[in-house]
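As stored in query.cif (mmCIF, C-alpha atoms):
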data_query
#
loop_
_atom_site.label_atom_id
_atom_site.label_comp_id
_atom_site.auth_asym_id
_atom_site.auth_seq_id
_atom_site.Cartn_x
_atom_site.Cartn_y
_atom_site.Cartn_z
CA MET A 1 -17.11 19.67 -44.14
CA LYS A 2 -16.32 16.15 -42.94
CA LEU A 3 -18.67 13.41 -44.19
CA SER A 4 -18.99 9.68 -43.65
CA GLY A 5 -18.21 7.25 -46.46
CA LYS A 6 -21.84 6.95 -47.60
CA GLN A 7 -22.44 10.69 -47.45
CA TYR A 8 -19.22 11.40 -49.37
CA THR A 9 -20.20 8.92 -52.12
CA MET A 10 -23.69 10.44 -52.37
CA VAL A 11 -22.30 13.98 -52.70
CA GLU A 12 -19.89 12.81 -55.42
CA ARG A 13 -22.72 11.19 -57.38
CA LEU A 14 -24.92 14.28 -57.05
CA LEU A 15 -22.16 16.54 -58.30
CA GLU A 16 -21.50 14.21 -61.25
CA ALA A 17 -25.22 14.08 -62.09
CA TRP A 18 -25.59 17.87 -61.90
CA THR A 19 -22.50 18.28 -64.06
CA ASP A 20 -23.90 15.87 -66.68
CA GLN A 21 -27.19 17.80 -66.70
CA ASP A 22 -25.31 21.11 -67.12
CA LEU A 23 -26.70 22.36 -63.81
CA LEU A 24 -23.10 22.87 -62.63
CA SER A 25 -19.91 23.52 -64.53
CA LYS A 26 -16.88 21.28 -63.91
CA GLU A 27 -15.09 24.20 -62.24
CA GLN A 28 -17.98 24.73 -59.83
CA ALA A 29 -18.17 21.01 -59.05
CA GLU A 30 -14.43 20.85 -58.33
CA LYS A 31 -14.71 23.93 -56.12
CA LEU A 32 -17.53 22.33 -54.14
CA LYS A 33 -15.51 19.12 -53.79
CA GLU A 34 -12.70 21.09 -52.16
CA HIS A 35 -15.05 21.86 -49.23
CA VAL A 36 -15.94 18.20 -48.70
CA GLU A 37 -13.65 15.90 -46.72
CA LEU A 38 -13.92 12.20 -45.94
CA LYS A 39 -13.94 11.30 -42.26
CA VAL A 40 -11.00 9.12 -41.22
CA VAL A 41 -11.53 6.61 -38.44
CA ASN A 42 -9.02 6.88 -35.59
CA TRP A 43 -8.36 3.18 -35.18
CA ARG A 44 -5.97 3.73 -32.27
CA ARG A 45 -8.69 5.46 -30.28
CA VAL A 46 -11.19 2.77 -31.27
CA ALA A 47 -8.76 0.09 -30.04
CA GLN A 48 -8.23 1.91 -26.74
CA ASN A 49 -11.97 2.27 -26.23
CA MET A 50 -12.55 -1.39 -27.05
CA LEU A 51 -9.88 -2.52 -24.60
CA GLY A 52 -11.39 -0.25 -21.96
CA LEU A 53 -14.85 -1.71 -22.58
CA ALA A 54 -13.38 -5.20 -22.44
CA ILE A 55 -11.95 -4.50 -18.97
CA ILE A 56 -15.25 -2.99 -17.79
CA PHE A 57 -17.30 -5.96 -19.01
CA LEU A 58 -14.74 -8.34 -17.53
CA VAL A 59 -15.22 -6.69 -14.14
CA ILE A 60 -19.03 -6.88 -14.54
CA ALA A 61 -18.79 -10.55 -15.47
CA PHE A 62 -16.58 -11.19 -12.45
CA LEU A 63 -19.04 -9.43 -10.14
CA HIS A 64 -21.89 -11.54 -11.50
CA LEU A 65 -19.86 -14.66 -10.91
CA VAL A 66 -19.03 -13.66 -7.35
CA ALA A 67 -22.74 -13.44 -6.62
CA ASP A 68 -22.92 -17.20 -7.08
CA LYS A 69 -22.26 -19.10 -3.82
CA TRP A 70 -20.62 -21.95 -5.69
CA VAL A 71 -18.14 -19.55 -7.29
CA LEU A 72 -17.49 -18.00 -3.88
CA GLN A 73 -16.59 -21.41 -2.49
CA VAL A 74 -14.24 -22.06 -5.41
CA LEU A 75 -12.55 -18.70 -4.86
CA GLU A 76 -12.18 -19.40 -1.15
CA HIS A 77 -10.47 -22.72 -1.87
CA PHE A 78 -8.31 -21.03 -4.51
CA PHE A 79 -7.02 -18.36 -2.13
CA GLU A 80 -6.40 -20.98 0.55
CA LEU A 81 -3.73 -22.50 -1.66
CA SER A 82 -0.11 -22.19 -0.58
CA ASP A 83 2.18 -19.28 -1.28
CA THR A 84 4.38 -21.67 -3.26
CA PHE A 85 1.53 -22.28 -5.71
CA PHE A 86 0.91 -18.55 -6.22
CA MET A 87 4.62 -17.86 -6.64
CA SER A 88 4.92 -20.57 -9.31
CA PHE A 89 1.66 -19.57 -10.99
CA LEU A 90 2.64 -15.89 -11.24
CA LEU A 91 6.14 -16.78 -12.39
CA VAL A 92 4.66 -18.80 -15.27
CA LEU A 93 2.38 -15.88 -16.14
CA SER A 94 5.35 -13.50 -16.14
CA LEU A 95 6.79 -15.57 -19.01
CA LEU A 96 3.49 -16.42 -20.69
CA PHE A 97 2.31 -12.81 -21.13
CA PRO A 98 5.48 -11.66 -22.98
CA PHE A 99 5.19 -14.77 -25.18
CA MET A 100 1.60 -13.76 -26.02
CA ALA A 101 2.84 -10.22 -26.69
CA SER A 102 5.40 -11.56 -29.19
CA ARG A 103 2.68 -13.55 -30.98
CA VAL A 104 0.44 -10.49 -31.18
CA LYS A 105 3.32 -8.35 -32.45
CA GLN A 106 3.98 -10.77 -35.32
CA LYS A 107 0.45 -10.32 -36.65
CA ARG A 108 0.02 -7.82 -39.44
CA GLY A 109 -1.71 -4.64 -38.34
CA ALA A 110 -1.27 -5.42 -34.64
CA LEU A 111 -1.70 -2.40 -32.38
CA LYS A 112 1.17 -1.45 -30.11
CA ILE A 113 -1.17 -0.90 -27.18
CA SER A 114 -2.14 -4.59 -27.20
CA VAL A 115 1.50 -5.65 -27.04
CA GLU A 116 2.20 -3.18 -24.22
CA ALA A 117 -0.85 -4.41 -22.27
CA PHE A 118 0.46 -8.00 -22.30
CA LEU A 119 3.93 -6.83 -21.29
CA LEU A 120 2.56 -4.81 -18.36
CA LEU A 121 0.63 -7.88 -17.21
CA GLY A 122 3.86 -9.88 -17.37
CA ILE A 123 5.69 -7.28 -15.29
CA MET A 124 2.92 -7.22 -12.67
CA SER A 125 2.97 -11.02 -12.56
CA LEU A 126 6.70 -11.04 -11.85
CA GLY A 127 6.16 -8.46 -9.10
CA GLY A 128 3.55 -10.73 -7.52
CA ALA A 129 5.88 -13.74 -7.82
CA CYS A 130 8.65 -11.81 -6.04
CA TYR A 131 6.21 -10.87 -3.28
CA TYR A 132 5.27 -14.51 -2.64
CA ALA A 133 8.91 -15.61 -2.96
CA ALA A 134 9.76 -13.49 0.10
CA SER A 135 7.15 -15.41 2.08
CA VAL A 136 8.05 -18.85 0.69
CA PHE A 137 11.81 -18.59 1.24
CA GLY A 138 11.65 -16.35 4.30
CA PHE A 139 13.78 -13.67 2.70
CA SER A 140 14.79 -10.62 4.70
CA GLN A 141 13.88 -7.02 4.08
CA PHE A 142 16.82 -6.84 1.68
CA TRP A 143 15.04 -9.15 -0.78
CA GLU A 144 11.77 -7.21 -0.49
CA VAL A 145 13.59 -4.12 -1.71
CA ALA A 146 15.77 -6.04 -4.20
CA SER A 147 12.63 -7.53 -5.79
CA VAL A 148 11.77 -4.01 -7.01
CA LEU A 149 15.15 -3.95 -8.77
CA VAL A 150 14.47 -7.39 -10.31
CA VAL A 151 11.12 -6.20 -11.70
CA ALA A 152 12.70 -2.96 -12.96
CA LEU A 153 15.47 -4.82 -14.80
CA TYR A 154 12.90 -7.22 -16.26
CA SER A 155 10.90 -4.22 -17.52
CA LEU A 156 14.00 -2.70 -19.12
CA LEU A 157 14.78 -6.04 -20.78
CA LEU A 158 11.25 -6.34 -22.19
CA GLY A 159 11.32 -2.72 -23.31
CA LYS A 160 14.55 -3.34 -25.21
CA LEU A 161 13.37 -6.61 -26.76
CA PHE A 162 10.00 -5.23 -27.88
CA LEU A 163 11.24 -1.69 -28.63
CA THR A 164 8.49 -0.01 -26.62
CA SER A 165 9.10 3.27 -24.82
CA VAL A 166 6.23 2.72 -22.35
CA ILE A 167 7.79 -0.46 -20.92
CA TRP A 168 11.24 1.16 -20.93
CA LEU A 169 9.80 4.08 -18.94
CA THR A 170 8.22 1.58 -16.53
CA GLY A 171 11.65 0.07 -15.96
CA LEU A 172 13.26 3.46 -15.36
CA THR A 173 10.54 4.35 -12.85
CA GLY A 174 11.09 1.04 -11.05
CA LEU A 175 14.84 1.65 -10.98
CA ALA A 176 14.36 5.09 -9.40
CA LEU A 177 11.90 3.60 -6.90
CA TRP A 178 14.44 0.91 -5.95
CA LEU A 179 17.17 3.50 -5.36
CA GLY A 180 14.84 5.44 -3.06
CA LEU A 181 13.78 2.31 -1.15
CA GLU A 182 17.33 0.98 -0.86
CA THR A 183 18.65 4.24 0.61
CA GLY A 184 15.65 4.22 2.96
CA ARG A 185 16.42 0.66 4.04
CA LEU A 186 20.09 1.44 4.64
CA SER A 187 19.11 4.41 6.80
CA GLY A 188 16.71 2.29 8.87
CA TRP A 189 13.78 4.13 7.24
CA GLU A 190 14.82 7.40 8.82
CA SER A 191 14.08 10.70 7.10
CA ARG A 192 17.71 11.21 6.13
CA PHE A 193 20.39 9.06 4.52
CA LEU A 194 23.94 10.41 4.77
CA GLY A 195 22.35 13.70 5.86
CA MET A 196 20.09 13.88 2.78
CA THR A 197 16.28 13.83 2.58
CA PHE A 198 14.51 11.80 -0.10
CA HIS A 199 14.14 14.67 -2.57
CA LEU A 200 17.81 15.64 -2.22
CA ARG A 201 18.80 12.02 -2.85
CA PHE A 202 16.68 11.90 -6.00
CA LEU A 203 18.17 15.22 -7.12
CA ILE A 204 21.69 13.79 -6.90
CA MET A 205 20.59 10.51 -8.54
CA ALA A 206 18.98 12.37 -11.45
CA PHE A 207 22.03 14.63 -11.86
CA LEU A 208 24.40 11.64 -11.93
CA GLY A 209 22.07 9.88 -14.38
CA LEU A 210 22.12 12.89 -16.72
CA MET A 211 25.92 13.01 -16.52
CA VAL A 212 26.15 9.30 -17.39
CA MET A 213 23.74 9.77 -20.32
CA HIS A 214 25.79 12.72 -21.54
CA GLY A 215 28.99 10.69 -21.28
CA LEU A 216 27.40 7.82 -23.25
CA ARG A 217 25.90 10.08 -25.93
CA LYS A 218 28.20 8.58 -28.61
CA VAL A 219 27.30 5.01 -27.68
CA PRO A 220 24.86 3.57 -30.27
CA VAL A 221 21.47 3.35 -28.55
CA LYS A 222 17.98 3.36 -30.03
CA LYS A 223 16.82 6.97 -30.32
CA VAL A 224 13.50 6.26 -28.62
CA PHE A 225 15.25 4.89 -25.51
CA ARG A 226 17.71 7.78 -25.37
CA VAL A 227 14.93 10.37 -25.66
CA VAL A 228 12.70 8.69 -23.06
CA SER A 229 15.63 8.26 -20.65
CA PHE A 230 16.63 11.92 -20.96
CA GLN A 231 13.04 13.09 -20.50
CA PHE A 232 12.56 10.90 -17.43
CA LEU A 233 15.82 12.04 -15.82
CA TRP A 234 15.07 15.69 -16.53
CA PHE A 235 11.60 15.33 -15.04
CA LEU A 236 13.04 13.64 -11.95
CA PHE A 237 15.75 16.30 -11.69
CA TRP A 238 13.37 19.29 -11.91
CA SER A 239 10.84 17.73 -9.55
CA ALA A 240 13.51 17.00 -6.92
CA LEU A 241 15.11 20.43 -7.35
CA TRP A 242 11.72 22.14 -6.95
CA LEU A 243 11.03 20.14 -3.76
CA CYS A 244 14.44 21.23 -2.47
CA ALA A 245 13.60 24.86 -3.28
CA LEU A 246 10.29 24.48 -1.44
CA PHE A 247 11.24 22.31 1.56
CA GLY A 248 15.04 22.51 1.66
CA ASN A 249 16.80 19.59 3.31
CA TYR A 250 14.57 19.60 6.40
CA PRO A 251 13.55 16.08 7.48
CA SER A 252 10.17 16.93 9.04
CA TRP A 253 7.24 19.28 8.67
CA ASP A 254 7.92 20.89 12.06
CA ALA A 255 11.54 21.60 11.17
CA TRP A 256 10.50 23.13 7.85
CA ASP A 257 7.75 25.22 9.45
CA ALA A 258 10.20 26.60 12.00
CA ALA A 259 12.69 27.64 9.30
CA SER A 260 12.52 31.06 7.70
CA ALA A 261 12.26 31.69 3.97
CA ALA A 262 15.81 33.06 4.04
CA HIS A 263 17.13 29.63 5.02
CA LEU A 264 15.43 28.13 1.95
CA LEU A 265 16.59 30.90 -0.38
CA PRO A 266 19.92 29.20 -1.40
CA TRP A 267 17.94 26.31 -2.91
CA GLY A 268 15.78 28.80 -4.81
CA VAL A 269 18.88 30.57 -6.08
CA LEU A 270 20.34 27.22 -7.16
CA MET A 271 17.17 26.37 -9.10
CA ALA A 272 17.17 29.82 -10.75
CA VAL A 273 20.85 29.48 -11.75
CA VAL A 274 20.29 26.00 -13.23
CA ALA A 275 17.13 27.18 -15.04
CA LEU A 276 18.98 30.17 -16.53
CA TRP A 277 21.89 27.98 -17.61
CA VAL A 278 19.52 25.49 -19.30
CA TRP A 279 17.64 28.35 -20.98
CA PHE A 280 20.88 29.94 -22.21
CA GLN A 281 22.17 26.61 -23.57
CA GLY A 282 18.85 26.05 -25.30
CA VAL A 283 19.05 29.44 -27.03
CA LYS A 284 22.72 28.95 -27.88
CA GLN A 285 22.28 25.45 -29.32
CA LYS A 286 18.79 26.19 -30.73
CA ARG A 287 17.08 23.54 -28.62
CA LYS A 288 13.48 24.54 -28.08
CA GLN A 289 12.92 21.89 -25.40
CA TRP A 290 15.75 23.29 -23.28
CA VAL A 291 14.41 26.82 -23.70
CA TRP A 292 10.98 25.68 -22.52
CA MET A 293 12.47 23.69 -19.61
CA GLY A 294 14.52 26.65 -18.42
CA SER A 295 11.61 29.07 -18.78
CA ILE A 296 9.11 26.85 -16.94
CA ALA A 297 11.63 26.04 -14.17
CA LEU A 298 12.46 29.75 -13.71
CA PHE A 299 8.76 30.64 -13.58
CA THR A 300 8.07 27.83 -11.09
CA ASP A 301 10.98 28.89 -8.90
CA ALA A 302 9.82 32.52 -8.91
CA TYR A 303 6.36 31.48 -7.74
CA THR A 304 7.84 29.18 -5.10
CA GLN A 305 9.88 32.03 -3.64
CA TYR A 306 6.84 34.28 -3.89
CA PHE A 307 4.92 31.70 -1.89
CA LEU A 308 7.65 31.27 0.74
CA PHE A 309 8.33 34.96 1.38
CA LEU A 310 4.72 36.14 1.42
CA TRP A 311 3.06 33.27 3.27
CA ASP A 312 3.91 34.50 6.79
CA PRO A 313 3.59 38.31 6.52
CA LEU A 314 0.32 38.35 4.56
CA PRO A 315 -3.14 37.23 5.69
CA ALA A 316 -4.16 34.01 3.96
CA SER A 317 -7.12 35.64 2.15
CA LEU A 318 -4.93 38.45 0.78
CA PHE A 319 -2.20 35.97 -0.23
CA PHE A 320 -4.59 33.82 -2.27
CA PHE A 321 -6.18 36.94 -3.76
CA LEU A 322 -2.75 38.06 -5.00
CA MET A 323 -2.12 34.56 -6.35
CA ALA A 324 -5.44 34.62 -8.23
CA LEU A 325 -4.74 38.12 -9.56
CA SER A 326 -1.27 37.16 -10.77
CA PHE A 327 -2.54 34.04 -12.54
CA PHE A 328 -5.33 36.10 -14.13
CA ILE A 329 -2.79 38.61 -15.47
CA ILE A 330 -0.53 35.85 -16.78
CA GLY A 331 -3.48 34.05 -18.37
CA ARG A 332 -4.70 37.27 -19.96
CA LYS A 333 -1.26 38.04 -21.38
CA ALA A 334 -0.95 34.49 -22.71
CA GLU A 335 -4.38 34.79 -24.33
CA LEU A 336 -3.36 38.03 -26.06
CA ILE A 337 -0.06 36.53 -27.26
CA TRP A 338 -1.56 33.29 -28.59
CA GLY A 339 -4.60 35.05 -29.95
CA ARG A 340 -2.56 37.13 -32.39
#
Whole structure given in structure tokens:
Amino acid sequence: MKLSGKQYTMVERLLEAWTDQDLLSKEQAEKLKEHVELKVVNWRRVAQNMLGLAIIFLVIAFLHLVADKWVLQVLEHFFELSDTFFMSFLLVLSLLFPFMASRVKQKRGALKISVEAFLLLGIMSLGGACYYAASVFGFSQFWEVASVLVVALYSLLLGKLFLTSVIWLTGLTGLALWLGLETGRLSGWESRFLGMTFHLRFLIMAFLGLMVMHGLRKVPVKKVFRVVSFQFLWFLFWSALWLCALFGNYPSWDAWDAASAAHLLPWGVLMAVVALWVWFQGVKQKRKQWVWMGSIALFTDAYTQYFLFLWDPLPASLFFFLMALSFFIIGRKAELIWGR
């Protein structure tokens, strides 16, 4: 039984009093104490809730201010300022927020989420500054895409300096986004670049990234960054491979709809082979994560092929009925296994 601090103290005093009055033996009192537990406050959750409430009340306060005509006039004049002002203002904020994060981090008992919140604000500020810089300096489309790379590298730098996996992951996401946008720009925003659709490009990028990480495995890097980088690349790899198994390398919906399931089968076979290899390596090297990755990927691929081959020949109602039945059977089996 979990009790609050006051309740726990009261129970302790009652047990001591009953023991002194010989109403309970010491053994009985100790046995009763074993069933009493003091509630522990989850300060991380409290901090998250407080920050959430702070944002909500900030929005409410802003809405109340907007209702004032005088404030509306001030805001109108503010947004009429030049792009140069906004670029400079946001650039200052992009440096000010990380400085505030460093001050917060130095305080004893500081919560990591507060530091990460300031860093995310700094990253968003730099993104806004890059956006206005394109307008101020009349940069071409190249800079608009390159600004994503600048923000991504800034995120990686902040993640390394502050040793936070969330900011590091933000940088990796921005880097992947830049690679996708850059290949799109080079192709004139066509569906294919060097004959590859977006998901095939990301598949190759993720594969090359995993190879580079494997080659640099002996290079001294913080464990948290190595783990997050591997997890991100694996997620990107499996997502892209699954999209290839589902849509192939077809650039449009019409082209995909006209293709038969047999034309998409090689991608499904590739995903199954990779999933089996990962599963086998996981069993061989006793890596549970690899075993789970291979199992989930193989299961996903099987359902994808099931979807592709049965979509055309079966009526839609019967297809979804079979899907529901199969998930019910799998869920029932899982319940029996985990319920043991």
For Arg103 in chain A: contacts at 12 Å, only C-alpha atoms, fewer than 6 positions along chain excluded, given as a ChimeraX atom specification | /A:96-97,110,114-115,118-119,162
Keeping C-alpha atoms, export the residues of the selection given above as an mmCIF file, keeping the file's coordinate frame.
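The resulting file, again_15.cif, is reproduced below:
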data_model
loop_
_atom_site.group_PDB
_atom_site.id
_atom_site.type_symbol
_atom_site.label_atom_id
_atom_site.label_comp_id
_atom_site.auth_asym_id
_atom_site.auth_seq_id
_atom_site.Cartn_x
_atom_site.Cartn_y
_atom_site.Cartn_z
ATOM 1 C CA LEU A 96 3.490 -16.420 -20.690
ATOM 2 C CA PHE A 97 2.310 -12.810 -21.130
ATOM 3 C CA ALA A 110 -1.270 -5.420 -34.640
ATOM 4 C CA SER A 114 -2.140 -4.590 -27.200
ATOM 5 C CA VAL A 115 1.500 -5.650 -27.040
ATOM 6 C CA PHE A 118 0.460 -8.000 -22.300
ATOM 7 C CA LEU A 119 3.930 -6.830 -21.290
ATOM 8 C CA PHE A 162 10.000 -5.230 -27.880
#
Rounded to one decimal in Å, what is the spacing between CA of Leu264 in chain A and CA of Phe307 in chain A?
->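 Separation of CA of Leu264 in chain A and CA of Phe307 in chain A: 11.7 Å.
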Residues within 10 Å of Phe309 in chain A, only C-alpha atoms, excluding chain neighbours under 3 positions, as a VMD selection string = chain A and resid 260 to 262 264 to 265 303 to 306 312 to 314
List the residues matched by the PyMOL selection byres ((chain A and resi 196) around 12) in the displayed structure as a VMD selection string, ordered by chain and then by residue number.
-> chain A and resid 180 183 to 184 187 190 to 195 197 to 205 244 248 to 251
Surrounding residues of Glu144 in chain A excluding itself and chain neighbours under 4 positions, 9 Å, all atoms listed in the file, as a PyMOL selection string = chain A and resi 130-131+134+139-140+148
Would you please work out which residue, of A:Val283, A:Leu325, A:Leu121, A:Val269, is nearest to Leu158 in chain A when using all atoms listed in the file?
->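 Of the candidates, the smallest distance to Leu158 in chain A is held by A:Leu121.
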Could you give me range 22-33 of chain A completed to N, CA and C atoms, formatted as a PDB file, keeping the file's coordinate frame?
ATOM      1  N   ASP A  22     -25.692  19.699 -66.911  1.00  0.00           N
ATOM      2  CA  ASP A  22     -25.310  21.110 -67.120  1.00  0.00           C
ATOM      3  C   ASP A  22     -25.916  22.044 -66.077  1.00  0.00           C
ATOM      4  N   LEU A  23     -26.238  21.493 -64.896  1.00  0.00           N
ATOM      5  CA  LEU A  23     -26.700  22.360 -63.810  1.00  0.00           C
ATOM      6  C   LEU A  23     -25.520  22.998 -63.083  1.00  0.00           C
ATOM      7  N   LEU A  24     -24.348  22.347 -63.194  1.00  0.00           N
ATOM      8  CA  LEU A  24     -23.100  22.870 -62.630  1.00  0.00           C
ATOM      9  C   LEU A  24     -21.992  22.711 -63.652  1.00  0.00           C
ATOM     10  N   SER A  25     -21.086  23.662 -63.665  1.00  0.00           N
ATOM     11  CA  SER A  25     -19.910  23.520 -64.530  1.00  0.00           C
ATOM     12  C   SER A  25     -18.881  22.643 -63.801  1.00  0.00           C
ATOM     13  N   LYS A  26     -17.918  22.124 -64.528  1.00  0.00           N
ATOM     14  CA  LYS A  26     -16.880  21.280 -63.910  1.00  0.00           C
ATOM     15  C   LYS A  26     -16.070  22.062 -62.889  1.00  0.00           C
ATOM     16  N   GLU A  27     -15.844  23.360 -63.184  1.00  0.00           N
ATOM     17  CA  GLU A  27     -15.090  24.200 -62.240  1.00  0.00           C
ATOM     18  C   GLU A  27     -15.862  24.371 -60.937  1.00  0.00           C
ATOM     19  N   GLN A  28     -17.180  24.581 -61.047  1.00  0.00           N
ATOM     20  CA  GLN A  28     -17.980  24.730 -59.830  1.00  0.00           C
ATOM     21  C   GLN A  28     -18.032  23.431 -59.024  1.00  0.00           C
ATOM     22  N   ALA A  29     -18.139  22.306 -59.741  1.00  0.00           N
ATOM     23  CA  ALA A  29     -18.170  21.010 -59.050  1.00  0.00           C
ATOM     24  C   ALA A  29     -16.861  20.741 -58.314  1.00  0.00           C
ATOM     25  N   GLU A  30     -15.723  21.047 -58.980  1.00  0.00           N
ATOM     26  CA  GLU A  30     -14.430  20.850 -58.330  1.00  0.00           C
ATOM     27  C   GLU A  30     -14.273  21.763 -57.123  1.00  0.00           C
ATOM     28  N   LYS A  31     -14.798  22.979 -57.232  1.00  0.00           N
ATOM     29  CA  LYS A  31     -14.710  23.930 -56.120  1.00  0.00           C
ATOM     30  C   LYS A  31     -15.524  23.447 -54.920  1.00  0.00           C
ATOM     31  N   LEU A  32     -16.716  22.871 -55.231  1.00  0.00           N
ATOM     32  CA  LEU A  32     -17.530  22.330 -54.140  1.00  0.00           C
ATOM     33  C   LEU A  32     -16.866  21.109 -53.503  1.00  0.00           C
ATOM     34  N   LYS A  33     -16.178  20.293 -54.322  1.00  0.00           N
ATOM     35  CA  LYS A  33     -15.510  19.120 -53.790  1.00  0.00           C
ATOM     36  C   LYS A  33     -14.383  19.489 -52.812  1.00  0.00           C
TER      37      LYS A  33
END
